[in-house]
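What follows is a short report on a single structure.
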Amino acid sequence: MVTSDSTQAILEVKKATKIYSGVTVLSSVDFDLYPGEVHALVGENGAGKSTLSKIISGVIEKSAGSMKCKGEDYHPLNTHDAIRHGISIVHQEFNLIPVLTVAQNVFLGKEKAAGGVIDEKESIRKTGDIIDKFKLNLPIKRKVCYLSVSQMQLVEIVKCLCDDSDIIIMDEPTATLTKNETQQLFRIIEDLRKEGISIIYISHKLDEIFTVSQRITVLRDGEKVGTYRTGDLDENRLVNLMVGREISSMYQHENYAQDEVVLSVRGFTKYGVAENISFDLKRGEILGFGGLVGAGRTELMKMMFGEIPIDGGEVELFGETFTRPKIGRMVKAGLVYLPEDRKNEGIIASMKVSENITLAILRKMVRGLFVSPALEKSTSSEIVQKLQIKTQGLSQKVGNLSGGNQQKVVLARWLVSNVRVLILDEPTRGIDVGAKHEIYKLMNQLCESGISIIMISSEMPELIGMCDRILVMCEGRITGELAGDAIQETTIMSYAAQRGHRM
């Protein structure tokens with residue numbers, strides 16, 4: 001662990017530059033980090049945060065610039081080399097093997113062995129020492145597949161600590177955590193700081209930035225805007241620095257809901273998941289679904305979409321009744337679902353931007369026996385411009401886009417189809433403040449055109465700011481319905497905790 005003078009930077013980056021295929025994605029960026037400091041790295045999607053963190057952690061090589069770690073020149077050849085220098089990264093996507101235990105994951109690739117036999121007891125002992133030291137809730141011998149998401153996050157952190165890392169990069173560490181789990185992570189971060197460990201913290205959640213960091217570096221379009229003491233900024237000033245413009249009101253929602261009911265769910269039941277759920281959706285309405293993690297909101301949406309078979313009930317969509325919803329039939333009728341897990345369920349990372357966008361209307365792209373490249377290009381180009389998707393071209397692989405732009409590609413796919421009811425599951429998770437504003441504006445435009453939206457969100461301000469009406473779920477049941485002035489955070493949380501209550 002760190003023993004150096006806390007007034008001396010533990011990491012110094014000078015004029016870091018990265019160029020891909022002639023395109024500069026990071027331009028002459030300076031960055032420094034001190035022992036026991038949480039230094040936040042913020043900016044819109046595509047600003048260069050991930051590129052800089054990957055350079056520091058040895059994932060990619062810089063094109064130009066220099067780095068020093070603990071006063072010595074630092075040129076990581078790969079992530080293993082970075083770890084040898086005391087630098088680890090906790091990625092947003094976990095790098096764990098589900099069938100192995102916590103201790104086995106922590107020491108994977110660095111196990112001690114005697115006579116060709118792995119010393120499991122030593123791995124368990126060292127893992128236990130770290131867990132006890134930081135008072136973590138982790139069952140050492142349990143397989144990772146049986147852990148909660150928050151516990152998996154802790155395993156990633158323990159891996160860094162067992163590597164004796166002085167510097168830990170955390171990339172969107174609370175993206176899948178509940179409010180209570182996030183608070184637990186903040187406590188752990190504070191304990192790490194007291195041990196002299198330095199943290200580079202990347203997050204789109206501005207309230208977290210102000211809670212955990214001492215300094216903030218802002219990137220925009222691959223360039224450094226500046227580094228500031230956290231106490232010298234407020235949220236409005238930080239947003240302005242990130243996006244280069246004022247965002248006076250994030251939501252600016254207008255109620256376009258009409259009297260016409262376009263979707264009715266009656267008695268939806270899936271044993272162990274959802275019980276006797278009924279509700280209506282109006283034309284042009286944004287209907288929000290609130291509740292705690294595990295309340296059954298996502299499962300309910302997948303039941304309507306036909307991804308999860310139902311045990312009872314029916315859904316009526318524009319006058320057509322479905323007792324056994326199927327994905328193909330629902331899409332044809334105009335109902336589409338944008339999943340929370342865009343990487344595994346939304347995009348096809350290896351395919352081009354244009355191919356991802358036209359996937360749902362592929363038959364319309366065919367001329368003769370083959371897909372028409374010209375038609376595919378014109379269709380994709382128009383929606384890419386409309387949604388302001390940042391890409392190097394329609395032929396770029398979607399997997400190489402930023403998280404926010406991947407989300408826009410999934411949205412674009414359905415907007416070019418016959419969408420009339422749009423289900424958005426955590427639509428702004430992992431998306432920067434500027435992209436959020438664009439998504440909210442688009443939602444308003446869609447509702448004004450008569451499209452209806454169902455939105456699941458765990459961000460309370462987003463639910464309250466964007467929804468005309470909110471249904472709250474708890475343990476697979478709807479426990480409350482709120483509209484107008486009744487939409488309050490305390491009321492939503494009250495209904496979210498009403499176990500056993502039925503409407």
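Each chain in the structure tokens gets a letter, A, B and so on, in the order shown; residues start at 1 in every chain, and ligands are counted from 1 in the order they appear.
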
Residue contacts of Lys49 of chain A (9 Å, only C-alpha atoms) excluding same-chain residues fewer than 4 positions away, as a PyMOL selection string: chain A and resi 26+41-45+53-54+202+218-219+222

Output file for the residues above (N, CA, C and O atoms, as a PDB file, in the first residue's frame):
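Once written, part_20.pdb looks like this:
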ATOM      1  N   LEU A  26      -8.698  11.139 -27.913  1.00  0.00           N
ATOM      2  CA  LEU A  26      -8.174  11.771 -26.701  1.00  0.00           C
ATOM      3  C   LEU A  26      -7.020  12.659 -27.125  1.00  0.00           C
ATOM      4  O   LEU A  26      -6.092  12.199 -27.795  1.00  0.00           O
ATOM      5  N   LEU A  41     -13.718  11.518 -12.664  1.00  0.00           N
ATOM      6  CA  LEU A  41     -13.502  11.774 -14.087  1.00  0.00           C
ATOM      7  C   LEU A  41     -14.872  11.797 -14.741  1.00  0.00           C
ATOM      8  O   LEU A  41     -15.579  10.791 -14.759  1.00  0.00           O
ATOM      9  N   VAL A  42     -15.287  12.960 -15.259  1.00  0.00           N
ATOM     10  CA  VAL A  42     -16.645  13.106 -15.774  1.00  0.00           C
ATOM     11  C   VAL A  42     -16.639  13.676 -17.191  1.00  0.00           C
ATOM     12  O   VAL A  42     -15.656  14.263 -17.644  1.00  0.00           O
ATOM     13  N   GLY A  43     -17.764  13.517 -17.862  1.00  0.00           N
ATOM     14  CA  GLY A  43     -17.938  14.016 -19.222  1.00  0.00           C
ATOM     15  C   GLY A  43     -19.038  13.234 -19.902  1.00  0.00           C
ATOM     16  O   GLY A  43     -19.487  12.197 -19.404  1.00  0.00           O
ATOM     17  N   GLU A  44     -19.488  13.737 -21.029  1.00  0.00           N
ATOM     18  CA  GLU A  44     -20.526  13.037 -21.783  1.00  0.00           C
ATOM     19  C   GLU A  44     -19.979  11.730 -22.358  1.00  0.00           C
ATOM     20  O   GLU A  44     -18.770  11.495 -22.374  1.00  0.00           O
ATOM     21  N   ASN A  45     -20.897  10.871 -22.837  1.00  0.00           N
ATOM     22  CA  ASN A  45     -20.454   9.666 -23.540  1.00  0.00           C
ATOM     23  C   ASN A  45     -19.600  10.076 -24.732  1.00  0.00           C
ATOM     24  O   ASN A  45     -19.970  10.961 -25.498  1.00  0.00           O
ATOM     25  N   SER A  53      -8.925   6.034 -18.900  1.00  0.00           N
ATOM     26  CA  SER A  53      -8.814   5.008 -17.861  1.00  0.00           C
ATOM     27  C   SER A  53      -8.178   3.726 -18.407  1.00  0.00           C
ATOM     28  O   SER A  53      -7.422   3.044 -17.703  1.00  0.00           O
ATOM     29  N   LYS A  54      -8.456   3.402 -19.670  1.00  0.00           N
ATOM     30  CA  LYS A  54      -7.861   2.211 -20.282  1.00  0.00           C
ATOM     31  C   LYS A  54      -6.366   2.394 -20.522  1.00  0.00           C
ATOM     32  O   LYS A  54      -5.591   1.442 -20.411  1.00  0.00           O
ATOM     33  N   ILE A 202     -15.405   7.109 -12.000  1.00  0.00           N
ATOM     34  CA  ILE A 202     -16.120   7.505 -13.215  1.00  0.00           C
ATOM     35  C   ILE A 202     -17.602   7.231 -13.023  1.00  0.00           C
ATOM     36  O   ILE A 202     -18.001   6.109 -12.713  1.00  0.00           O
ATOM     37  N   VAL A 218     -12.920  17.328 -15.792  1.00  0.00           N
ATOM     38  CA  VAL A 218     -13.970  17.299 -16.806  1.00  0.00           C
ATOM     39  C   VAL A 218     -13.346  17.142 -18.196  1.00  0.00           C
ATOM     40  O   VAL A 218     -12.426  17.885 -18.558  1.00  0.00           O
ATOM     41  N   LEU A 219     -13.836  16.158 -18.945  1.00  0.00           N
ATOM     42  CA  LEU A 219     -13.437  15.972 -20.335  1.00  0.00           C
ATOM     43  C   LEU A 219     -14.606  16.281 -21.253  1.00  0.00           C
ATOM     44  O   LEU A 219     -15.757  16.030 -20.914  1.00  0.00           O
ATOM     45  N   GLY A 222     -12.946  14.579 -26.028  1.00  0.00           N
ATOM     46  CA  GLY A 222     -11.580  14.099 -26.028  1.00  0.00           C
ATOM     47  C   GLY A 222     -10.551  15.070 -25.503  1.00  0.00           C
ATOM     48  O   GLY A 222      -9.353  14.760 -25.491  1.00  0.00           O
TER      49      GLY A 222
END

In segment 2-224 of chain A, DSSP alpha helix (DSSP H) residues written as number ranges by chain: A: 49-56, 79-84, 102-106, 120-133, 149-162, 179-194, 206-212

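Take the candidates A:Gly319, A:Gly476, A:Gly128, A:Gly267 and check each one against Gly294 of chain A using only C-alpha atoms; the shortest distance goes to A:Gly476.
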
Selection near Arg125 of chain A, 12 Å with only C-alpha atoms, sequence-local residues under 5 positions removed, as a PyMOL selection string: chain A and resi 102-104+106-107+119-120+130-132+140-141+162

Spatial neighbours of Pro173 of chain A, 12 Å, only C-alpha atoms, chain gap at least 4 places, as a PyMOL selection string: chain A and resi 89-94+149-154+156-157+168-169+177-178+181-186+189+199-205+208-209+430

Backbone-only DSSP, strand (DSSP E or B) members of segment 13-128 of chain A, as number ranges by chain: A: 13-20, 23-33, 38-42, 64-69, 72-73, 87-90, 101, 113-114, 117-118

Restricting it to N, CA and C atoms, dump the selection as a short mmCIF file (atom, residue, chain, number, x, y, z; two decimals), in the first residue's frame.
data_model
loop_
_atom_site.label_atom_id
_atom_site.label_comp_id
_atom_site.auth_asym_id
_atom_site.auth_seq_id
_atom_site.Cartn_x
_atom_site.Cartn_y
_atom_site.Cartn_z
N VAL A 13 -0.18 12.05 -15.44
CA VAL A 13 -0.38 11.82 -16.88
C VAL A 13 -0.18 13.16 -17.60
N LYS A 14 0.67 13.17 -18.61
CA LYS A 14 0.98 14.39 -19.34
C LYS A 14 0.68 14.21 -20.82
N LYS A 15 -0.18 15.07 -21.33
CA LYS A 15 -0.48 15.16 -22.77
C LYS A 15 -0.84 13.80 -23.39
N ALA A 16 -1.64 13.01 -22.67
CA ALA A 16 -2.07 11.70 -23.18
C ALA A 16 -2.94 11.88 -24.42
N THR A 17 -2.59 11.14 -25.47
CA THR A 17 -3.30 11.23 -26.74
C THR A 17 -3.55 9.82 -27.27
N LYS A 18 -4.74 9.63 -27.84
CA LYS A 18 -5.05 8.35 -28.47
C LYS A 18 -5.72 8.60 -29.81
N ILE A 19 -5.19 7.94 -30.84
CA ILE A 19 -5.72 8.09 -32.20
C ILE A 19 -6.11 6.73 -32.73
N TYR A 20 -7.37 6.60 -33.19
CA TYR A 20 -7.85 5.37 -33.82
C TYR A 20 -8.14 5.65 -35.29
N VAL A 23 -8.57 9.06 -36.35
CA VAL A 23 -9.51 9.86 -35.55
C VAL A 23 -8.96 10.03 -34.14
N THR A 24 -8.80 11.26 -33.69
CA THR A 24 -8.28 11.55 -32.36
C THR A 24 -9.42 11.49 -31.35
N VAL A 25 -9.38 10.51 -30.44
CA VAL A 25 -10.43 10.36 -29.44
C VAL A 25 -10.01 10.91 -28.09
N LEU A 26 -8.70 11.14 -27.91
CA LEU A 26 -8.17 11.77 -26.70
C LEU A 26 -7.02 12.66 -27.13
N SER A 27 -7.08 13.94 -26.72
CA SER A 27 -6.11 14.90 -27.25
C SER A 27 -5.38 15.63 -26.13
N SER A 28 -4.11 15.27 -25.93
CA SER A 28 -3.19 16.00 -25.05
C SER A 28 -3.78 16.28 -23.66
N VAL A 29 -4.25 15.22 -23.00
CA VAL A 29 -4.92 15.36 -21.70
C VAL A 29 -3.93 15.18 -20.55
N ASP A 30 -3.97 16.12 -19.58
CA ASP A 30 -3.19 16.02 -18.35
C ASP A 30 -4.10 15.56 -17.21
N PHE A 31 -3.55 14.74 -16.32
CA PHE A 31 -4.33 14.23 -15.18
C PHE A 31 -3.36 13.82 -14.08
N ASP A 32 -3.73 14.11 -12.82
CA ASP A 32 -2.90 13.64 -11.72
C ASP A 32 -3.77 13.13 -10.58
N LEU A 33 -3.16 12.35 -9.69
CA LEU A 33 -3.89 11.70 -8.61
C LEU A 33 -2.98 11.63 -7.39
N VAL A 38 -10.01 10.62 -3.88
CA VAL A 38 -10.99 10.18 -4.87
C VAL A 38 -11.08 11.29 -5.91
N HIS A 39 -10.59 11.02 -7.10
CA HIS A 39 -10.58 12.01 -8.18
C HIS A 39 -11.60 11.57 -9.23
N ALA A 40 -12.66 12.32 -9.37
CA ALA A 40 -13.74 11.97 -10.30
C ALA A 40 -13.37 12.38 -11.73
N LEU A 41 -13.72 11.52 -12.66
CA LEU A 41 -13.50 11.77 -14.09
C LEU A 41 -14.87 11.80 -14.74
N VAL A 42 -15.29 12.96 -15.26
CA VAL A 42 -16.64 13.11 -15.77
C VAL A 42 -16.64 13.68 -17.19
N ALA A 64 0.47 9.07 -27.81
CA ALA A 64 1.49 10.06 -27.46
C ALA A 64 1.28 10.45 -26.00
N GLY A 65 2.29 11.11 -25.44
CA GLY A 65 2.21 11.55 -24.05
C GLY A 65 3.10 10.71 -23.15
N SER A 66 3.05 11.01 -21.84
CA SER A 66 3.89 10.29 -20.88
C SER A 66 3.14 10.11 -19.57
N MET A 67 3.58 9.14 -18.76
CA MET A 67 2.98 8.89 -17.45
C MET A 67 4.07 8.57 -16.44
N LYS A 68 3.80 8.94 -15.18
CA LYS A 68 4.66 8.55 -14.06
C LYS A 68 3.78 7.97 -12.97
N CYS A 69 4.28 6.89 -12.36
CA CYS A 69 3.58 6.26 -11.25
C CYS A 69 4.56 6.16 -10.08
N GLU A 72 8.14 7.32 -10.87
CA GLU A 72 8.92 6.66 -11.91
C GLU A 72 8.14 6.60 -13.22
N ASP A 73 8.88 6.59 -14.32
CA ASP A 73 8.24 6.49 -15.64
C ASP A 73 7.37 5.23 -15.69
N ILE A 87 -1.86 -0.68 -10.05
CA ILE A 87 -3.02 -0.02 -10.65
C ILE A 87 -3.99 -1.08 -11.16
N SER A 88 -5.23 -1.04 -10.66
CA SER A 88 -6.27 -1.99 -11.08
C SER A 88 -7.51 -1.23 -11.51
N ILE A 89 -8.34 -1.89 -12.30
CA ILE A 89 -9.58 -1.27 -12.75
C ILE A 89 -10.76 -2.20 -12.48
N VAL A 90 -11.84 -1.62 -11.96
CA VAL A 90 -13.10 -2.34 -11.78
C VAL A 90 -14.02 -1.90 -12.91
N THR A 101 -15.84 -20.02 -6.67
CA THR A 101 -16.17 -19.34 -5.42
C THR A 101 -15.58 -17.94 -5.40
N ALA A 113 0.73 -22.73 -5.33
CA ALA A 113 0.62 -24.18 -5.47
C ALA A 113 1.87 -24.86 -4.91
N ALA A 114 1.66 -26.05 -4.39
CA ALA A 114 2.77 -26.86 -3.89
C ALA A 114 2.63 -28.26 -4.46
N VAL A 117 -0.38 -28.80 -6.71
CA VAL A 117 -1.71 -28.70 -6.13
C VAL A 117 -1.95 -27.28 -5.62
N ILE A 118 -3.07 -26.68 -6.03
CA ILE A 118 -3.39 -25.30 -5.61
C ILE A 118 -3.69 -25.27 -4.11
#

Residues within 9 Å of segment 269-281 of chain A, only C-alpha atoms, excluding chain neighbours under 3 positions, as a ChimeraX atom specification: /A:260-266,284-287,295-297,299-300,303,308-313,452-454,471,475-478

Restricted to N, CA and C atoms, what would the selected residues look like written as a PDB file, in the first residue's frame?
ATOM      1  N   GLU A 260     -58.048   8.294 -24.978  1.00  0.00           N
ATOM      2  CA  GLU A 260     -58.111   6.984 -25.608  1.00  0.00           C
ATOM      3  C   GLU A 260     -57.158   5.983 -24.948  1.00  0.00           C
ATOM      4  N   VAL A 261     -57.684   4.840 -24.531  1.00  0.00           N
ATOM      5  CA  VAL A 261     -56.868   3.766 -23.974  1.00  0.00           C
ATOM      6  C   VAL A 261     -56.365   2.900 -25.127  1.00  0.00           C
ATOM      7  N   VAL A 262     -55.033   2.755 -25.229  1.00  0.00           N
ATOM      8  CA  VAL A 262     -54.456   1.985 -26.340  1.00  0.00           C
ATOM      9  C   VAL A 262     -53.993   0.606 -25.893  1.00  0.00           C
ATOM     10  N   LEU A 263     -53.750   0.441 -24.592  1.00  0.00           N
ATOM     11  CA  LEU A 263     -53.291  -0.846 -24.079  1.00  0.00           C
ATOM     12  C   LEU A 263     -53.955  -1.119 -22.733  1.00  0.00           C
ATOM     13  N   SER A 264     -54.472  -2.337 -22.579  1.00  0.00           N
ATOM     14  CA  SER A 264     -55.079  -2.749 -21.316  1.00  0.00           C
ATOM     15  C   SER A 264     -54.519  -4.107 -20.910  1.00  0.00           C
ATOM     16  N   VAL A 265     -54.003  -4.185 -19.711  1.00  0.00           N
ATOM     17  CA  VAL A 265     -53.531  -5.447 -19.147  1.00  0.00           C
ATOM     18  C   VAL A 265     -54.533  -5.882 -18.091  1.00  0.00           C
ATOM     19  N   ARG A 266     -54.972  -7.127 -18.162  1.00  0.00           N
ATOM     20  CA  ARG A 266     -55.981  -7.630 -17.239  1.00  0.00           C
ATOM     21  C   ARG A 266     -55.531  -8.959 -16.627  1.00  0.00           C
ATOM     22  N   GLY A 284     -50.365   8.752 -26.060  1.00  0.00           N
ATOM     23  CA  GLY A 284     -49.530   9.918 -25.766  1.00  0.00           C
ATOM     24  C   GLY A 284     -49.090  10.031 -24.322  1.00  0.00           C
ATOM     25  N   GLU A 285     -49.365   9.004 -23.516  1.00  0.00           N
ATOM     26  CA  GLU A 285     -49.044   9.062 -22.092  1.00  0.00           C
ATOM     27  C   GLU A 285     -47.665   8.465 -21.809  1.00  0.00           C
ATOM     28  N   ILE A 286     -46.980   9.019 -20.793  1.00  0.00           N
ATOM     29  CA  ILE A 286     -45.794   8.376 -20.240  1.00  0.00           C
ATOM     30  C   ILE A 286     -46.201   7.804 -18.883  1.00  0.00           C
ATOM     31  N   LEU A 287     -46.274   6.474 -18.828  1.00  0.00           N
ATOM     32  CA  LEU A 287     -46.668   5.776 -17.613  1.00  0.00           C
ATOM     33  C   LEU A 287     -45.421   5.184 -16.974  1.00  0.00           C
ATOM     34  N   ALA A 295     -38.828  -5.989  -7.567  1.00  0.00           N
ATOM     35  CA  ALA A 295     -40.275  -5.798  -7.420  1.00  0.00           C
ATOM     36  C   ALA A 295     -41.067  -6.497  -8.516  1.00  0.00           C
ATOM     37  N   GLY A 296     -40.408  -6.820  -9.635  1.00  0.00           N
ATOM     38  CA  GLY A 296     -41.087  -7.518 -10.725  1.00  0.00           C
ATOM     39  C   GLY A 296     -41.416  -6.645 -11.920  1.00  0.00           C
ATOM     40  N   ARG A 297     -40.883  -5.428 -11.950  1.00  0.00           N
ATOM     41  CA  ARG A 297     -41.223  -4.500 -13.042  1.00  0.00           C
ATOM     42  C   ARG A 297     -40.719  -5.003 -14.397  1.00  0.00           C
ATOM     43  N   GLU A 299     -39.833  -8.028 -15.253  1.00  0.00           N
ATOM     44  CA  GLU A 299     -40.505  -9.285 -15.603  1.00  0.00           C
ATOM     45  C   GLU A 299     -41.891  -9.022 -16.178  1.00  0.00           C
ATOM     46  N   LEU A 300     -42.602  -8.047 -15.611  1.00  0.00           N
ATOM     47  CA  LEU A 300     -43.928  -7.696 -16.119  1.00  0.00           C
ATOM     48  C   LEU A 300     -43.850  -7.216 -17.565  1.00  0.00           C
ATOM     49  N   MET A 303     -43.277 -10.027 -19.873  1.00  0.00           N
ATOM     50  CA  MET A 303     -44.505 -10.806 -20.033  1.00  0.00           C
ATOM     51  C   MET A 303     -45.382 -10.191 -21.115  1.00  0.00           C
ATOM     52  N   ILE A 308     -41.469 -13.565 -21.615  1.00  0.00           N
ATOM     53  CA  ILE A 308     -41.740 -14.475 -20.505  1.00  0.00           C
ATOM     54  C   ILE A 308     -43.183 -14.963 -20.646  1.00  0.00           C
ATOM     55  N   PRO A 309     -43.416 -16.275 -20.746  1.00  0.00           N
ATOM     56  CA  PRO A 309     -44.787 -16.785 -20.883  1.00  0.00           C
ATOM     57  C   PRO A 309     -45.613 -16.461 -19.638  1.00  0.00           C
ATOM     58  N   ILE A 310     -46.906 -16.151 -19.827  1.00  0.00           N
ATOM     59  CA  ILE A 310     -47.779 -15.850 -18.695  1.00  0.00           C
ATOM     60  C   ILE A 310     -48.575 -17.099 -18.312  1.00  0.00           C
ATOM     61  N   ASP A 311     -48.995 -17.151 -17.048  1.00  0.00           N
ATOM     62  CA  ASP A 311     -49.832 -18.253 -16.569  1.00  0.00           C
ATOM     63  C   ASP A 311     -51.308 -17.887 -16.579  1.00  0.00           C
ATOM     64  N   GLY A 312     -51.578 -16.578 -16.700  1.00  0.00           N
ATOM     65  CA  GLY A 312     -52.975 -16.145 -16.731  1.00  0.00           C
ATOM     66  C   GLY A 312     -53.086 -14.680 -17.087  1.00  0.00           C
ATOM     67  N   GLY A 313     -54.268 -14.294 -17.542  1.00  0.00           N
ATOM     68  CA  GLY A 313     -54.509 -12.900 -17.913  1.00  0.00           C
ATOM     69  C   GLY A 313     -54.440 -12.660 -19.404  1.00  0.00           C
ATOM     70  N   SER A 452     -47.289   6.076 -27.212  1.00  0.00           N
ATOM     71  CA  SER A 452     -47.393   5.931 -25.757  1.00  0.00           C
ATOM     72  C   SER A 452     -46.137   5.257 -25.218  1.00  0.00           C
ATOM     73  N   ILE A 453     -45.730   5.650 -24.005  1.00  0.00           N
ATOM     74  CA  ILE A 453     -44.487   5.149 -23.429  1.00  0.00           C
ATOM     75  C   ILE A 453     -44.733   4.598 -22.023  1.00  0.00           C
ATOM     76  N   ILE A 454     -44.180   3.407 -21.781  1.00  0.00           N
ATOM     77  CA  ILE A 454     -44.092   2.858 -20.428  1.00  0.00           C
ATOM     78  C   ILE A 454     -42.622   2.895 -20.043  1.00  0.00           C
ATOM     79  N   LEU A 471     -47.214   3.943 -11.556  1.00  0.00           N
ATOM     80  CA  LEU A 471     -47.654   2.759 -10.833  1.00  0.00           C
ATOM     81  C   LEU A 471     -46.457   2.214 -10.063  1.00  0.00           C
ATOM     82  N   GLU A 475     -43.008  -6.755  -4.747  1.00  0.00           N
ATOM     83  CA  GLU A 475     -43.161  -8.212  -4.724  1.00  0.00           C
ATOM     84  C   GLU A 475     -44.195  -8.726  -5.731  1.00  0.00           C
ATOM     85  N   GLY A 476     -44.081  -8.237  -6.972  1.00  0.00           N
ATOM     86  CA  GLY A 476     -44.926  -8.758  -8.044  1.00  0.00           C
ATOM     87  C   GLY A 476     -46.351  -8.240  -8.066  1.00  0.00           C
ATOM     88  N   ARG A 477     -46.642  -7.205  -7.273  1.00  0.00           N
ATOM     89  CA  ARG A 477     -47.993  -6.626  -7.256  1.00  0.00           C
ATOM     90  C   ARG A 477     -47.918  -5.116  -7.419  1.00  0.00           C
ATOM     91  N   ILE A 478     -48.974  -4.533  -7.965  1.00  0.00           N
ATOM     92  CA  ILE A 478     -49.099  -3.075  -8.001  1.00  0.00           C
ATOM     93  C   ILE A 478     -49.676  -2.635  -6.665  1.00  0.00           C
TER      94      ILE A 478
END

Exercise: segment 392-400 of chain A partners within 12 Å, only C-alpha atoms, chain neighbours under 3 positions left out, as a ChimeraX atom specification: /A:20-25,46,50-51,342-344,346-358,373-374,376-385,389,403-410

Non-local contacts of segment 164-167 of chain A (10 Å; only C-alpha atoms; under 2 positions in same chain excluded) as a PyMOL selection string: chain A and resi 1-3+10-11+33-38+57+69-70+82-89+157-162+169-170+192+195-200

Using only C-alpha atoms: which of A:Ser458, A:Gln258, A:Asn240, A:Thr127 has the shortest distance to Thr174 of chain A: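 Closest residue, counting only C-alpha atoms: A:Ser458.
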
Pairwise distance for atom CA of Leu482 of chain A and atom CA of Glu307 of chain A, rounded to one decimal in Å: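 Answer for the atom CA of Leu482 of chain A to atom CA of Glu307 of chain A separation: 27.8 Å.
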
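If you measure from each of A:Phe305, A:Val212, A:Val433, A:Gly465 to Glu235 of chain A using only C-alpha atoms, the closest one turns out to be A:Val433.
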
Between atom CA of Tyr74 of chain A and atom CA of Gly58 of chain A, distance in Å (one decimal):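 Value for the atom CA of Tyr74 of chain A-atom CA of Gly58 of chain A distance: 10.1 Å.
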
Atom pair atom CA of Tyr251 of chain A / atom CA of Gln388 of chain A: separation (Å):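 Taking atom CA of Tyr251 of chain A and atom CA of Gln388 of chain A, their separation equals 18.3 Å.
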